[in-house]
Amino acid sequence: MQQIDPRHRELLSKIALFESLTDEDLDNLTLRLEEVVYEEGAAVFKQGEEGSSLFIIEEGAVEIAYGEGIGKVVLATLFNGQYFGELSLFDGSPRSATATALKHSELIRLDRADLVDFVNKNPAAALRIIAEMGERLRQTNELMSRRVSRDVLEEEEEALTFGQRIADRVARFGGSWPFIGLFSLVMFVWMGINIIRVANFDPYPFILLNLALSTIAAIQAPIIMMSQNRQATKDKLLAENDYKVNLKAEIEIEALLRGQAEILARLSLLERGATRKNHEVLSS
């Protein structure tokens, strides 16, 4: 008789989908688990591949990421005792993300064919699994209703140094009509005083005024560039935050739709099983 690995049984019992299973159900399902090993950098599965297995990490670490290259977003890093790929057990749809071993990892795999066979032989266990799926679906709905975006501009403002705040104020005032009006007034007053000889500290061609203007321009230019660079950083943070929010919304909506499809598929399976049993009872 095949022996049950207590470590595998314990890991399986901690998965939300199987928490409500009886000890006998857990024993039967544990016997269907298979050990697999992945070396560092090896892909457990890739985004877009057909899904057919759930994985539990016995030893090691696995990175779950969406996309590739510059657009790659790390969704989670999983360690001992955590699991992934559970949706494919029910619908067999393509993987929505890529799973990669970050180091030598020993995983436990449960294939979809084994779970289907287990459910067919244990209708009561199927009902308990569906109950857990319903709870997870409610949790997903709650998560979808939460505010997931961040006010990156407020976070950026809180991290500003005193010099950066001064640069922003100078750049803001230097690009306004009050500054243009004030500066024009000072120039006209300066030139008027020297032209009508009220004072003669800077006679025509106003060399001292030119020096003052050149000095102001030399100081103002780098201050404005500092502010523009910070504005570019803000724009980048906003774009990155929008991308992450949209990506999370897309993934969660996809998970929500899959969860609904899984529940409907399981209910349909149970209805067919109940109908078959009723026919058998009537026939006998």
# chains A, B, ... in the order shown; residues from 1 in each chain; ligands from 1

$ select_by_dssp --residues "region 12-238 of chain A" --states "strand (DSSP E or B)" --output "PyMOL selection string"
chain A and resi 34-38+43-45+50+53-59+62-66+73-78+83-84+94+98-101+105-111

$ residues_around --residues "Met225 (chain A)" --least-positions-apart "2" --cutoff "12 Å" --atoms "only C-alpha atoms" --output "list in words"
Gln164, Ala167, Asp168, Val170, Ala171, Arg172, Ala218, Ile219, Gln220, Ala221, Pro222, Ile223, Ser227, Gln228, Asn229, Arg230, Gln231 and Ala232 of chain A

$ residues_around --residues "Asp111 (chain A)" --least-positions-apart "2" --cutoff "6 Å" --atoms "only C-alpha atoms" --output "compact mmCIF listing (two decimals) with C-alpha atoms, in the first residue's frame"
# COMPACT_ATOMS: atom_id res chain seq x y z
CA SER A 52 -3.04 21.82 -15.87
CA SER A 53 -1.37 21.71 -12.44
CA ALA A 113 -6.64 14.92 -14.26
CA ASP A 114 -5.96 13.61 -10.75

$ residues_around --residues "Phe118 (chain A)" --least-positions-apart "4" --cutoff "8 Å" --atoms "only C-alpha atoms" --output "list of chain:residue names"
A:Asn28, A:Leu29, A:Asp114, A:Asn122

$ write_last_selection --atoms "N, CA and C atoms" --output "PDB file, in the first residue's frame"
ATOM      1  N   ASN A  28      -6.574  10.764   0.533  1.00  0.00           N
ATOM      2  CA  ASN A  28      -6.755  10.316  -0.845  1.00  0.00           C
ATOM      3  C   ASN A  28      -6.121  11.287  -1.841  1.00  0.00           C
ATOM      4  N   LEU A  29      -6.245  12.580  -1.555  1.00  0.00           N
ATOM      5  CA  LEU A  29      -5.690  13.565  -2.466  1.00  0.00           C
ATOM      6  C   LEU A  29      -4.168  13.630  -2.357  1.00  0.00           C
ATOM      7  N   ASP A 114      -5.847  14.286 -12.042  1.00  0.00           N
ATOM      8  CA  ASP A 114      -5.963  13.614 -10.747  1.00  0.00           C
ATOM      9  C   ASP A 114      -7.067  14.235  -9.902  1.00  0.00           C
ATOM     10  N   ASN A 122     -15.500  11.446  -5.202  1.00  0.00           N
ATOM     11  CA  ASN A 122     -15.848  12.007  -3.897  1.00  0.00           C
ATOM     12  C   ASN A 122     -16.723  13.246  -4.078  1.00  0.00           C
TER      13      ASN A 122
END

$ closest_residue --among "A:Glu49, A:Glu68, A:Glu252, A:Asp5" --to "Leu33 (chain A)" --atoms "only C-alpha atoms"
A:Asp5

$ closest_residue --among "A:Leu21, A:Ala249, A:Leu238, A:Thr275" --to "Ala126 (chain A)" --atoms "only C-alpha atoms"
A:Leu21

$ atom_distance --atom1 "CA of Gly81 (chain A)" --atom2 "CA of Ile57 (chain A)"
5.3 Å

$ closest_residue --among "A:Ile4, A:Val74, A:Ile180, A:Leu127" --to "Leu247 (chain A)" --atoms "only C-alpha atoms"
A:Val74
